[in-house]
file my_file-v8.cif (mmCIF, C-alpha atoms)
data_run
#
loop_
_atom_site.label_atom_id
_atom_site.label_comp_id
_atom_site.auth_asym_id
_atom_site.auth_seq_id
_atom_site.Cartn_x
_atom_site.Cartn_y
_atom_site.Cartn_z
CA MET T 1 0.00 0.00 0.00
CA ALA T 2 2.81 2.37 1.00
CA LEU T 3 4.77 1.42 -2.13
CA ARG T 4 1.71 2.20 -4.30
CA SER T 5 1.33 5.60 -2.63
CA ILE T 6 4.98 6.41 -3.34
CA GLN T 7 4.51 5.40 -7.00
CA THR T 8 1.39 7.59 -7.27
CA VAL T 9 3.24 10.57 -5.83
CA GLN T 10 6.20 9.96 -8.18
CA ASN T 11 3.83 9.69 -11.14
CA THR T 12 2.08 12.90 -10.14
CA HIS T 13 5.43 14.70 -9.86
CA LEU T 14 6.53 13.33 -13.23
CA PHE T 15 3.21 14.33 -14.77
CA LEU T 16 3.52 17.86 -13.40
CA ALA T 17 7.14 18.15 -14.60
CA LEU T 18 6.27 16.96 -18.12
CA PHE T 19 3.07 19.03 -18.17
CA ILE T 20 5.00 22.20 -17.30
CA SER T 21 7.69 21.31 -19.89
CA SER T 22 4.98 20.92 -22.55
CA VAL T 23 3.40 24.26 -21.62
CA LEU T 24 6.82 25.97 -21.79
CA LEU T 25 7.58 24.35 -25.15
CA LEU T 26 4.17 25.46 -26.40
CA ALA T 27 4.63 29.03 -25.23
CA VAL T 28 8.10 29.28 -26.81
CA SER T 29 7.26 27.55 -30.10
CA ALA T 30 4.00 29.46 -30.61
CA ASN T 31 5.65 32.86 -30.14
CA THR T 32 9.29 32.51 -31.21
CA ARG T 33 11.48 30.55 -33.62
CA TYR T 34 14.04 29.42 -31.00
CA LEU T 35 12.86 25.80 -31.24
CA THR T 36 13.24 25.52 -35.03
CA PRO T 37 16.49 23.44 -34.74
CA LEU T 38 14.73 21.02 -32.34
CA GLU T 39 11.76 20.77 -34.73
CA GLY T 40 14.19 20.09 -37.58
CA ALA T 41 15.84 17.26 -35.62
CA ILE T 42 12.47 15.66 -34.74
CA ARG T 43 11.31 16.11 -38.36
CA PHE T 44 14.42 14.24 -39.52
CA LEU T 45 13.62 11.35 -37.13
CA ALA T 46 9.97 11.29 -38.22
CA GLN T 47 10.75 11.25 -41.97
CA PRO T 48 10.21 7.44 -42.33
CA ILE T 49 6.68 7.81 -40.93
CA VAL T 50 5.92 10.56 -43.46
CA TYR T 51 7.30 8.53 -46.37
CA ILE T 52 5.38 5.38 -45.40
CA ALA T 53 2.19 7.43 -44.97
CA HIS T 54 2.54 8.71 -48.53
CA VAL T 55 3.28 5.31 -50.10
CA PRO T 56 -0.40 4.71 -51.12
CA ALA T 57 -0.53 8.11 -52.83
CA TYR T 58 2.78 7.45 -54.65
CA ALA T 59 1.55 3.97 -55.63
CA LYS T 60 -1.71 5.41 -56.98
CA ASP T 61 0.19 8.00 -59.04
CA ALA T 62 2.62 5.37 -60.30
CA ALA T 63 -0.23 3.01 -61.24
CA ALA T 64 -2.05 5.82 -63.01
CA SER T 65 1.06 6.66 -65.04
CA TYR T 66 1.88 3.05 -65.98
CA VAL T 67 -1.58 1.60 -66.59
CA VAL T 68 -2.87 3.56 -69.57
CA SER T 69 -4.82 2.17 -72.50
CA ARG T 70 -3.40 2.33 -76.05
CA ASP T 71 -6.23 4.65 -77.17
CA GLU T 72 -5.58 7.02 -74.28
CA LEU T 73 -1.87 7.11 -75.15
CA HIS T 74 -2.75 7.87 -78.80
CA ASP T 75 -5.06 10.70 -77.74
CA GLN T 76 -2.46 12.09 -75.34
CA ASN T 77 0.22 11.90 -78.03
CA ASP T 78 -1.99 13.72 -80.57
CA GLN T 79 -2.79 16.41 -78.02
CA LEU T 80 0.88 16.83 -77.07
CA LEU T 81 1.91 17.14 -80.74
CA LYS T 82 -0.73 19.84 -81.25
CA ASP T 83 0.46 21.62 -78.07
CA VAL T 84 4.11 21.46 -79.19
CA SER T 85 3.21 22.93 -82.58
CA ARG T 86 1.17 25.73 -80.97
CA LEU T 87 3.90 26.47 -78.39
CA ASN T 88 6.58 26.57 -81.11
CA ALA T 89 4.58 29.23 -82.90
CA THR T 90 4.28 31.15 -79.61
CA LEU T 91 8.04 30.81 -79.03
CA VAL T 92 8.77 32.49 -82.35
CA GLU T 93 6.49 35.39 -81.38
CA LEU T 94 8.14 35.58 -77.94
CA ALA T 95 11.62 35.65 -79.47
CA GLN T 96 10.55 38.59 -81.65
CA ALA T 97 9.00 40.35 -78.63
CA ARG T 98 12.15 39.73 -76.59
CA THR T 99 14.31 41.31 -79.29
CA THR T 100 12.02 44.34 -79.39
CA ILE T 101 12.09 44.65 -75.57
CA ALA T 102 15.90 44.39 -75.56
CA GLN T 103 16.12 47.16 -78.17
CA LEU T 104 13.74 49.36 -76.17
CA ARG T 105 15.71 48.72 -72.97
CA ASP T 106 18.92 49.68 -74.73
CA ALA T 107 17.30 52.85 -76.01
CA LEU T 108 15.99 53.77 -72.55
CA GLY T 109 19.16 52.74 -70.71
CA TYR T 110 17.13 50.33 -68.53
CA VAL T 111 19.14 48.04 -66.26
CA GLU T 112 17.41 44.76 -65.44
CA GLU T 113 17.43 43.97 -61.73
CA ASN T 114 16.68 40.76 -59.87
CA ARG T 115 16.82 38.28 -62.72
CA ARG T 116 14.92 35.18 -61.77
CA ASN T 117 15.07 31.55 -62.72
CA GLN T 118 12.30 28.94 -62.47
CA VAL T 119 12.91 25.59 -60.79
CA LEU T 120 10.53 22.77 -61.67
CA SER T 121 9.23 20.78 -58.70
CA GLU T 122 6.66 18.22 -57.61
CA ILE T 123 4.48 18.02 -54.50
CA VAL T 124 5.74 15.24 -52.24
CA GLN T 125 3.60 15.83 -49.16
CA VAL T 126 0.40 17.61 -48.24
CA ASN T 127 0.07 18.98 -44.70
CA PRO T 128 -2.53 16.79 -42.94
CA ASN T 129 -3.54 19.70 -40.71
CA ARG T 130 -6.72 21.02 -42.33
CA GLN T 131 -6.26 24.46 -40.79
CA ARG T 132 -3.05 24.88 -42.74
CA GLN T 133 -2.87 25.00 -46.51
CA GLU T 134 0.69 23.82 -47.04
CA VAL T 135 2.56 21.35 -49.21
CA ILE T 136 6.13 20.07 -49.30
CA ILE T 137 7.90 20.17 -52.67
CA ASN T 138 10.94 18.21 -53.78
CA VAL T 139 13.34 21.10 -54.35
CA GLY T 140 15.28 23.02 -51.73
CA ALA T 141 18.37 25.07 -51.01
CA GLU T 142 20.55 22.84 -53.19
CA GLN T 143 18.41 23.74 -56.21
CA GLY T 144 18.64 27.47 -55.41
CA VAL T 145 15.31 27.85 -53.62
CA GLN T 146 15.21 30.43 -50.84
CA VAL T 147 12.69 31.37 -48.17
CA ASP T 148 9.98 33.61 -49.68
CA SER T 149 10.47 32.33 -53.21
CA GLY T 150 7.24 32.59 -55.22
CA VAL T 151 5.65 29.34 -56.41
CA LEU T 152 3.49 29.02 -59.55
CA ASP T 153 1.45 26.23 -61.05
CA PRO T 154 0.57 26.09 -64.78
CA TRP T 155 -2.52 28.26 -64.16
CA GLY T 156 -1.27 31.02 -61.87
CA VAL T 157 0.23 32.00 -58.52
CA TYR T 158 0.24 29.03 -56.13
CA GLY T 159 2.00 30.26 -52.96
CA ARG T 160 5.39 31.01 -51.47
CA THR T 161 8.11 29.03 -49.71
CA VAL T 162 8.17 29.54 -45.95
CA GLU T 163 10.81 27.01 -44.95
CA VAL T 164 13.64 25.63 -47.05
CA PHE T 165 15.58 22.45 -46.32
CA SER T 166 18.43 20.98 -48.38
CA ASP T 167 16.25 18.99 -50.82
CA THR T 168 12.70 20.00 -49.92
CA SER T 169 10.76 23.15 -49.16
CA ARG T 170 7.54 23.95 -47.35
CA VAL T 171 5.11 26.00 -49.46
CA LEU T 172 2.35 28.13 -47.96
CA LEU T 173 -0.59 28.12 -50.37
CA LEU T 174 -2.28 31.24 -51.65
CA ASN T 175 -5.52 30.42 -49.80
CA ASP T 176 -3.89 29.87 -46.39
CA GLU T 177 -5.20 32.27 -43.78
CA ARG T 178 -1.64 33.46 -43.07
CA HIS T 179 -0.94 34.30 -46.73
CA ALA T 180 -1.35 37.78 -48.18
CA THR T 181 -0.43 38.74 -51.75
CA PRO T 182 0.13 42.29 -52.99
CA ILE T 183 -1.96 42.47 -56.17
CA LEU T 184 -3.29 44.93 -58.70
CA LEU T 185 -6.38 44.90 -60.85
CA ASN T 186 -5.29 44.48 -64.43
CA ARG T 187 -8.01 46.78 -65.79
CA THR T 188 -7.65 49.76 -63.44
CA ARG T 189 -4.08 49.17 -62.11
CA GLN T 190 -5.32 49.72 -58.53
CA TYR T 191 -3.25 48.14 -55.75
CA PHE T 192 -4.77 45.85 -53.08
CA ILE T 193 -3.83 43.00 -50.75
CA ALA T 194 -5.43 39.60 -51.41
CA SER T 195 -5.74 37.46 -48.27
CA GLY T 196 -6.35 33.73 -48.03
CA ASN T 197 -9.35 32.35 -46.12
CA GLY T 198 -8.64 28.64 -45.90
CA SER T 199 -9.52 25.59 -47.93
CA ASP T 200 -12.31 25.92 -50.53
CA GLU T 201 -12.78 29.62 -49.77
CA PRO T 202 -12.02 32.41 -52.29
CA LEU T 203 -9.42 35.07 -51.55
CA THR T 204 -10.66 38.44 -50.27
CA LEU T 205 -9.32 41.89 -51.05
CA ASP T 206 -8.60 43.95 -47.93
CA ASN T 207 -9.67 47.56 -47.35
CA VAL T 208 -11.46 48.17 -50.64
CA ASN T 209 -13.01 51.62 -50.75
CA LEU T 210 -16.68 51.87 -51.69
CA SER T 211 -15.75 54.13 -54.59
CA SER T 212 -13.21 51.68 -56.05
CA ASP T 213 -13.95 50.60 -59.60
CA ILE T 214 -14.04 46.80 -59.37
CA ARG T 215 -16.20 44.55 -61.54
CA ILE T 216 -16.97 40.86 -61.52
CA GLY T 217 -14.65 39.14 -63.98
CA ASP T 218 -11.73 41.57 -63.52
CA THR T 219 -8.37 39.83 -63.72
CA VAL T 220 -6.16 40.12 -60.63
CA VAL T 221 -2.38 39.97 -61.11
CA THR T 222 0.64 40.31 -58.82
CA SER T 223 1.80 43.88 -58.28
CA GLY T 224 5.49 43.10 -57.83
CA LEU T 225 5.48 44.80 -54.41
CA GLY T 226 6.94 42.76 -51.57
CA GLY T 227 9.57 41.21 -53.83
CA VAL T 228 8.22 37.66 -53.76
CA PHE T 229 6.49 37.68 -57.15
CA PRO T 230 7.39 39.72 -60.21
CA GLU T 231 4.64 41.96 -61.55
CA GLY T 232 1.93 40.63 -63.83
CA LEU T 233 1.48 36.98 -62.78
CA VAL T 234 -2.17 35.89 -62.79
CA VAL T 235 -3.61 35.47 -59.29
CA GLY T 236 -7.29 35.03 -60.10
CA VAL T 237 -10.55 36.56 -61.23
CA VAL T 238 -12.97 38.75 -59.24
CA GLU T 239 -15.89 36.50 -58.31
CA THR T 240 -18.21 38.68 -56.23
CA VAL T 241 -18.39 42.37 -55.33
CA THR T 242 -20.68 43.42 -52.47
CA ASP T 243 -21.13 46.99 -51.25
CA VAL T 244 -21.19 47.39 -47.46
CA VAL T 245 -22.54 50.94 -47.27
CA ALA T 246 -22.57 51.07 -43.45
CA GLU T 247 -18.79 50.52 -43.35
CA SER T 248 -18.06 52.39 -46.61
CA ILE T 249 -16.23 49.40 -48.03
CA LYS T 250 -16.69 46.72 -50.65
CA HIS T 251 -16.36 43.00 -49.95
CA VAL T 252 -14.52 41.58 -52.92
CA SER T 253 -13.83 37.87 -53.34
CA VAL T 254 -11.34 36.53 -55.87
CA SER T 255 -11.36 33.02 -57.26
CA PRO T 256 -7.72 31.81 -57.50
CA SER T 257 -6.58 30.75 -60.97
CA ALA T 258 -4.13 28.19 -59.58
CA HIS T 259 -5.53 24.70 -59.10
CA LEU T 260 -4.77 24.55 -55.39
CA LYS T 261 -6.25 21.10 -54.87
CA ALA T 262 -4.72 19.45 -57.91
CA LYS T 263 -1.46 17.57 -58.02
CA SER T 264 0.59 19.29 -60.69
CA TYR T 265 4.13 20.41 -61.41
CA LEU T 266 5.07 23.64 -59.67
CA HIS T 267 7.57 26.30 -60.68
CA VAL T 268 9.59 27.97 -57.96
CA ILE T 269 10.86 31.43 -58.80
CA ALA T 270 14.46 31.42 -57.64
CA PRO T 271 16.88 34.32 -58.04
CA VAL T 272 19.62 33.79 -60.62
CA GLU T 273 23.14 34.06 -59.22
CA GLN T 274 24.96 36.95 -60.81
CA PRO T 275 28.24 35.96 -62.47
CA MET Z 276 3.59 -13.31 -24.70
CA THR Z 277 6.97 -12.04 -23.55
CA ASP Z 278 7.54 -8.50 -22.35
CA THR Z 279 9.62 -7.76 -25.45
CA GLN Z 280 6.76 -8.91 -27.69
CA GLY Z 281 4.34 -6.74 -25.72
CA TRP Z 282 6.52 -3.67 -26.20
CA SER Z 283 6.90 -4.52 -29.90
CA TYR Z 284 3.10 -4.64 -30.30
CA PHE Z 285 2.76 -1.39 -28.39
CA LEU Z 286 5.35 0.50 -30.43
CA LEU Z 287 4.10 -0.97 -33.71
CA THR Z 288 0.53 0.17 -33.07
CA ILE Z 289 1.76 3.67 -32.13
CA VAL Z 290 3.75 3.89 -35.38
CA VAL Z 291 0.81 2.56 -37.45
CA ALA Z 292 -1.57 5.03 -35.78
CA SER Z 293 0.86 7.88 -36.56
CA ILE Z 294 1.11 6.76 -40.20
CA LEU Z 295 -2.69 6.58 -40.54
CA SER Z 296 -3.00 10.02 -38.95
CA VAL Z 297 -0.74 11.74 -41.48
CA ALA Z 298 -1.68 9.66 -44.55
CA PRO Z 299 -3.13 12.15 -47.04
CA MET Z 300 -6.60 11.76 -48.51
CA PRO Z 301 -7.01 12.38 -52.26
CA PHE Z 302 -7.48 16.05 -53.19
CA ASP Z 303 -11.02 15.55 -54.48
CA VAL Z 304 -12.48 13.93 -51.35
CA PRO Z 305 -15.44 15.95 -49.94
CA ASP Z 306 -15.02 17.58 -46.53
CA TRP Z 307 -17.64 15.41 -44.81
CA ILE Z 308 -15.60 12.30 -45.67
CA ARG Z 309 -12.40 14.00 -44.46
CA ASN Z 310 -14.12 14.75 -41.15
CA LEU Z 311 -15.00 11.07 -40.74
CA LYS Z 312 -11.32 10.25 -40.27
CA PRO Z 313 -11.02 9.00 -36.69
CA ASP Z 314 -8.39 10.22 -34.26
CA TRP Z 315 -6.18 7.14 -34.63
CA ILE Z 316 -3.78 8.34 -31.94
CA VAL Z 317 -6.48 8.70 -29.27
CA LEU Z 318 -7.97 5.35 -30.31
CA CYS Z 319 -4.61 3.60 -30.06
CA TRP Z 320 -3.55 5.17 -26.75
CA PHE Z 321 -6.98 4.59 -25.23
CA PHE Z 322 -6.78 0.93 -26.16
CA TRP Z 323 -3.40 0.53 -24.43
CA ILE Z 324 -4.49 2.57 -21.40
CA ALA Z 325 -7.53 0.33 -21.01
CA PHE Z 326 -5.75 -2.97 -21.43
CA GLN Z 327 -2.10 -2.49 -20.48
CA HIS Z 328 -1.84 0.88 -18.83
CA GLU Z 329 1.64 0.13 -17.45
CA ARG Z 330 3.04 0.39 -21.01
CA CYS Z 331 1.61 3.90 -21.41
CA SER Z 332 4.27 5.80 -19.52
CA LEU Z 333 4.11 9.55 -19.21
CA ILE Z 334 7.55 9.93 -20.78
CA MET Z 335 6.46 7.86 -23.77
CA ALA Z 336 3.35 10.06 -24.15
CA PHE Z 337 5.54 13.18 -24.03
CA VAL Z 338 7.98 11.89 -26.67
CA VAL Z 339 5.24 10.60 -29.02
CA GLY Z 340 3.46 13.93 -28.57
CA LEU Z 341 6.55 15.85 -29.71
CA ILE Z 342 6.80 13.67 -32.83
CA LEU Z 343 3.09 14.26 -33.54
CA ASP Z 344 3.61 18.03 -33.16
CA VAL Z 345 6.11 17.89 -36.02
CA LEU Z 346 4.05 15.45 -38.12
CA TYR Z 347 0.92 17.62 -37.82
CA ASP Z 348 2.96 20.81 -38.17
CA GLU Z 349 1.52 22.24 -35.00
CA PRO Z 350 3.32 24.26 -32.31
CA LEU Z 351 5.77 22.08 -30.38
CA GLY Z 352 4.21 20.88 -27.11
CA ILE Z 353 0.51 20.84 -27.89
CA ASN Z 354 0.20 17.13 -28.69
CA SER Z 355 2.52 16.13 -25.84
CA LEU Z 356 0.33 18.16 -23.50
CA LEU Z 357 -2.84 16.50 -24.77
CA LEU Z 358 -1.35 12.98 -24.73
CA LEU Z 359 -0.08 13.50 -21.19
CA ALA Z 360 -3.55 14.63 -20.12
CA LEU Z 361 -5.10 11.65 -21.96
CA VAL Z 362 -2.80 9.15 -20.21
CA PHE Z 363 -3.32 10.78 -16.82
CA ALA Z 364 -7.11 10.99 -17.21
CA GLY Z 365 -7.21 7.45 -18.58
CA ARG Z 366 -5.29 6.09 -15.59
CA PHE Z 367 -7.58 7.86 -13.14
CA SER Z 368 -10.68 6.48 -14.84
CA LEU Z 369 -9.19 3.02 -15.29
CA ARG Z 370 -11.69 1.26 -13.03
CA PHE Z 371 -14.59 3.00 -14.77
CA ILE Z 372 -13.27 1.98 -18.21
CA GLN Z 373 -12.40 -1.59 -17.30
CA SER Z 374 -15.70 -2.23 -15.51
CA SER Z 375 -17.51 -2.36 -18.84
CA VAL Z 376 -15.63 -2.72 -22.12
CA GLY Z 377 -18.83 -1.92 -24.00
CA LEU Z 378 -20.80 1.07 -22.78
CA ARG Z 379 -18.53 2.77 -20.26
CA SER Z 380 -15.37 2.54 -22.34
CA SER Z 381 -17.32 3.93 -25.34
CA ILE Z 382 -18.49 6.89 -23.27
CA ALA Z 383 -14.91 7.46 -22.10
CA VAL Z 384 -13.56 7.29 -25.68
CA LEU Z 385 -16.16 9.79 -26.89
CA ILE Z 386 -15.56 12.26 -24.05
CA LEU Z 387 -11.76 12.05 -24.10
CA CYS Z 388 -11.57 12.31 -27.89
CA PHE Z 389 -13.95 15.27 -27.90
CA LEU Z 390 -11.90 17.01 -25.18
CA VAL Z 391 -8.67 16.42 -27.10
CA THR Z 392 -10.13 17.69 -30.41
CA ALA Z 393 -11.90 20.66 -28.81
CA THR Z 394 -8.84 21.73 -26.79
CA LYS Z 395 -6.58 21.55 -29.83
CA SER Z 396 -9.09 23.46 -31.99
CA LEU Z 397 -9.51 26.11 -29.31
CA PHE Z 398 -5.75 26.52 -29.02
CA LEU Z 399 -5.34 26.86 -32.80
CA LEU Z 400 -8.22 29.35 -32.86
CA VAL Z 401 -6.62 31.51 -30.18
CA THR Z 402 -2.98 31.34 -31.30
CA LEU Z 403 -3.24 31.11 -35.10
CA ASP Z 404 -6.66 32.78 -35.53
CA VAL Z 405 -7.83 30.07 -37.94
CA ASP Z 406 -11.48 29.30 -38.71
CA ILE Z 407 -12.68 26.18 -36.93
CA HIS Z 408 -15.73 24.45 -38.37
CA LEU Z 409 -18.03 22.74 -35.89
CA SER Z 410 -17.98 19.56 -37.97
CA SER Z 411 -14.19 19.29 -37.62
CA VAL Z 412 -14.61 19.25 -33.82
CA VAL Z 413 -17.67 17.00 -33.60
CA MET Z 414 -17.12 14.44 -36.35
CA PRO Z 415 -13.67 12.99 -35.42
CA PRO Z 416 -14.84 11.91 -31.89
CA ILE Z 417 -17.91 10.26 -33.45
CA ALA Z 418 -15.76 8.50 -36.07
CA THR Z 419 -13.35 7.39 -33.31
CA LEU Z 420 -16.29 6.04 -31.30
CA LEU Z 421 -17.53 4.08 -34.32
CA TRP Z 422 -14.11 2.46 -34.71
CA TRP Z 423 -14.00 1.72 -30.98
CA VAL Z 424 -17.44 0.07 -31.22
CA LEU Z 425 -16.09 -2.08 -34.06
CA LEU Z 426 -13.23 -3.16 -31.77
CA ILE Z 427 -15.47 -4.08 -28.82
CA PRO Z 428 -16.60 -7.55 -30.03
CA LEU Z 429 -12.96 -8.41 -30.65
CA LEU Z 430 -11.95 -7.26 -27.19
CA ASN Z 431 -14.97 -8.76 -25.42
CA SER Z 432 -14.53 -12.22 -26.84
CA GLU Z 433 -13.41 -14.63 -24.12
CA HIS Z 434 -11.46 -16.65 -26.65
CA SER Z 435 -10.11 -13.74 -28.58
CA GLN Z 436 -6.52 -14.45 -29.58
CA PHE Z 437 -5.92 -10.73 -29.77
CA ARG Z 438 -7.04 -10.24 -26.21
CA ASP Z 439 -4.88 -13.13 -25.07
CA ALA Z 440 -1.96 -11.68 -26.95
CA VAL Z 441 -2.08 -8.29 -25.34
CA GLN Z 442 -2.86 -9.42 -21.82
#
call {"tool": "encode", "arguments": {"input": "my_file-v8.cif", "output": "structure tokens"}}
result
Amino acid sequence: MALRSIQTVQNTHLFLALFISSVLLLAVSANTRYLTPLEGAIRFLAQPIVYIAHVPAYAKDAAASYVVSRDELHDQNDQLLKDVSRLNATLVELAQARTTIAQLRDALGYVEENRRNQVLSEIVQVNPNRQRQEVIINVGAEQGVQVDSGVLDPWGVYGRTVEVFSDTSRVLLLNDERHATPILLNRTRQYFIASGNGSDEPLTLDNVNLSSDIRIGDTVVTSGLGGVFPEGLVVGVVETVTDVVAESIKHVSVSPSAHLKAKSYLHVIAPVEQP
Amino acid sequence: MTDTQGWSYFLLTIVVASILSVAPMPFDVPDWIRNLKPDWIVLCWFFWIAFQHERCSLIMAFVVGLILDVLYDEPLGINSLLLLALVFAGRFSLRFIQSSVGLRSSIAVLILCFLVTATKSLFLLVTLDVDIHLSSVVMPPIATLLWWVLLIPLLNSEHSQFRDAVQ
């Protein structure tokens, strides 16, 4: 009986010690970045669990890419040939445009700053936490990716890198509640901030004056402010505009162009090292 | 069953529960199906607390919690705190749970899982200011309960090899 009492007291002390340690860890990790090295070490140890958890998804992708009917392959091949032909024609036009731009730059004495390169990547992990819209991609510091590099998918702006490891990077998606993108309306060239609202929700424009000229269907592009994205990349299309007369503002929602729930190749905008 | 085998079973189930917890669902799955994903960690720990509570040490709960914090990408400490509380509460209500594997243990699973989910959601709401949908707080405990109910016949069976193996 006495032995059991001693064990209970020891367990209570241990519980209290670990409980207080957890609270301290929580307070520090929620408010500072001092514990990032510890998180990195635990993440390294937990990597096998993450890889095993994603095996079914990899297997499904692999099966989908290997098991294709002959007709489907024919159709895909035809479509790809058409795409190549169309893109070749576009390339010729782009080459002409590039020459013209170079001549204009020479004439104006314009010096190009911040040349950027695009690194192709694939999604290797989706954050299971539904409150966070994040993915892990298979390129990192070794491929030239840096923190706050812009990420694009074939349809538009996808997000930005928030953490970069040697071979992988964590990408915060455009619709995450912690993500804000400096944008401008292509038609009126007005500047706004587009904020994410979580999964399946459109982006919203912050602090839009009641007198602002915004219409449904307006294209929203990056403004180039903030330095993450160059100017002119497609962010989305204005979906709804609602006047809130009492607050003298407009509620504007923007449907993202990027396919945020599709598994596709992503392009990371990485700065080019100057020779 | 030897002690080594018992520990192997224990650790294996913890690893499997962690894998199931972080395994991604396809992109096109509707939200109501996503919400039906049970809290595998609570289910697994509750099982071991109910049937071999001596394996569920507080230090083990703390360490597994830290790994879960990283796997879920949540602030370091939150899952260790919740697992510690789960183990402690489970040990205190051990007689209540073990007195009836059916009804009482199901009530305990539902309450503990709801408390864990609600506490975590509340913390994320306060610290990260994220939107919490009611269904994401209510559905996981119900899904966990359904899985626990599926386990009950297996655990209740007098001749269950599984029960013999873990006891």
call {"tool": "resolve_selection", "arguments": {"input": "my_file-v8.cif", "expression": "the PyMOL selection byres ((chain T) within 6 of (chain Z))", "output": "compact mmCIF listing (two decimals) with C-alpha atoms, keeping the file's coordinate frame"}}
result
# COMPACT_ATOMS: atom_id res chain seq x y z
CA SER T 22 4.98 20.92 -22.55
CA LEU T 25 7.58 24.35 -25.15
CA LEU T 26 4.17 25.46 -26.40
CA SER T 29 7.26 27.55 -30.10
CA ALA T 30 4.00 29.46 -30.61
CA ARG T 43 11.31 16.11 -38.36
CA ILE T 49 6.68 7.81 -40.93
CA ALA T 53 2.19 7.43 -44.97
CA HIS T 54 2.54 8.71 -48.53
CA PRO T 128 -2.53 16.79 -42.94
CA ASN T 129 -3.54 19.70 -40.71
CA LYS T 261 -6.25 21.10 -54.87
call {"tool": "residues_near_point", "arguments": {"input": "my_file-v8.cif", "point": "(-17.4, 54.8, -51.7)", "cutoff": "9 Å", "atoms": "only C-alpha atoms", "output": "number ranges by chain"}}
result
T: 208-212, 243, 245, 248-250
call {"tool": "write_last_selection", "arguments": {"input": "my_file-v8.cif", "atoms": "C-alpha atoms", "output": "short mmCIF file (atom, residue, chain, number, x, y, z; two decimals), in the coordinates of the input"}}
result
data_model
loop_
_atom_site.label_atom_id
_atom_site.label_comp_id
_atom_site.auth_asym_id
_atom_site.auth_seq_id
_atom_site.Cartn_x
_atom_site.Cartn_y
_atom_site.Cartn_z
CA VAL T 208 -11.46 48.17 -50.64
CA ASN T 209 -13.01 51.62 -50.75
CA LEU T 210 -16.68 51.87 -51.69
CA SER T 211 -15.75 54.13 -54.59
CA SER T 212 -13.21 51.68 -56.05
CA ASP T 243 -21.13 46.99 -51.25
CA VAL T 245 -22.54 50.94 -47.27
CA SER T 248 -18.06 52.39 -46.61
CA ILE T 249 -16.23 49.40 -48.03
CA LYS T 250 -16.69 46.72 -50.65
#
call {"tool": "closest_residue", "arguments": {"input": "my_file-v8.cif", "among": "Z:Ile417, Z:Cys319, Z:Val424, Z:Val391", "to": "Tyr284 (chain Z)", "atoms": "only C-alpha atoms"}}
result
Z:Cys319
call {"tool": "resolve_selection", "arguments": {"input": "my_file-v8.cif", "expression": "the PyMOL selection byres ((chain Z and resi 365-370) around 8)", "output": "NGL selection string"}}
result
:Z and (321 or 324-325 or 328 or 361-364 or 371-374)
call {"tool": "atom_distance", "arguments": {"input": "my_file-v8.cif", "atom1": "CA of Ile137 (chain T)", "atom2": "CA of Glu201 (chain T)"}}
result
22.9 Å
call {"tool": "resolve_selection", "arguments": {"input": "my_file-v8.cif", "expression": "the PyMOL selection byres ((chain T and resi 217) around 6)", "output": "mmCIF file with C-alpha atoms, in the coordinates of the input"}}
result
data_model
loop_
_atom_site.group_PDB
_atom_site.id
_atom_site.type_symbol
_atom_site.label_atom_id
_atom_site.label_comp_id
_atom_site.auth_asym_id
_atom_site.auth_seq_id
_atom_site.Cartn_x
_atom_site.Cartn_y
_atom_site.Cartn_z
ATOM 1 C CA ILE T 216 -16.970 40.860 -61.520
ATOM 2 C CA ASP T 218 -11.730 41.570 -63.520
ATOM 3 C CA VAL T 237 -10.550 36.560 -61.230
ATOM 4 C CA VAL T 238 -12.970 38.750 -59.240
#
call {"tool": "residues_around", "arguments": {"input": "my_file-v8.cif", "residues": "Leu409 (chain Z)", "least_positions_apart": "4", "cutoff": "10 Å", "atoms": "all atoms listed in the file", "output": "list of chain:residue names"}}
result
Z:Ala393, Z:Ser396, Z:Val413, Z:Met414
call {"tool": "atom_distance", "arguments": {"input": "my_file-v8.cif", "atom1": "CA of Glu163 (chain T)", "atom2": "CA of Glu134 (chain T)"}}
result
10.8 Å
call {"tool": "atom_distance", "arguments": {"input": "my_file-v8.cif", "atom1": "CA of Pro256 (chain T)", "atom2": "CA of Gly236 (chain T)"}}
result
4.2 Å
call {"tool": "closest_residue", "arguments": {"input": "my_file-v8.cif", "among": "Z:Val376, Z:Ile308, Z:Phe322, Z:Arg330", "to": "Thr279 (chain Z)", "atoms": "all atoms listed in the file"}}
result
Z:Arg330
call {"tool": "residues_around", "arguments": {"input": "my_file-v8.cif", "residues": "Pro313 (chain Z)", "least_positions_apart": "6", "cutoff": "7 Å", "atoms": "all atoms listed in the file", "output": "ChimeraX atom specification"}}
result
/Z:415-416,418-419
call {"tool": "write_last_selection", "arguments": {"input": "my_file-v8.cif", "atoms": "C-alpha atoms", "output": "PDB file, in the frame of the given file"}}
result
ATOM      1  CA  PRO Z 415     -13.670  12.990 -35.420  1.00  0.00           C
ATOM      2  CA  PRO Z 416     -14.840  11.910 -31.890  1.00  0.00           C
ATOM      3  CA  ALA Z 418     -15.760   8.500 -36.070  1.00  0.00           C
ATOM      4  CA  THR Z 419     -13.350   7.390 -33.310  1.00  0.00           C
TER       5      THR Z 419
END
call {"tool": "residues_around", "arguments": {"input": "my_file-v8.cif", "residues": "Glu142 (chain T)", "least_positions_apart": "4", "cutoff": "10 Å", "atoms": "only C-alpha atoms", "output": "short mmCIF file (atom, residue, chain, number, x, y, z; two decimals) with C-alpha atoms, keeping the file's coordinate frame"}}
result
data_model
loop_
_atom_site.label_atom_id
_atom_site.label_comp_id
_atom_site.auth_asym_id
_atom_site.auth_seq_id
_atom_site.Cartn_x
_atom_site.Cartn_y
_atom_site.Cartn_z
CA GLN T 146 15.21 30.43 -50.84
CA VAL T 164 13.64 25.63 -47.05
CA PHE T 165 15.58 22.45 -46.32
CA SER T 166 18.43 20.98 -48.38
CA ASP T 167 16.25 18.99 -50.82
CA THR T 168 12.70 20.00 -49.92
#
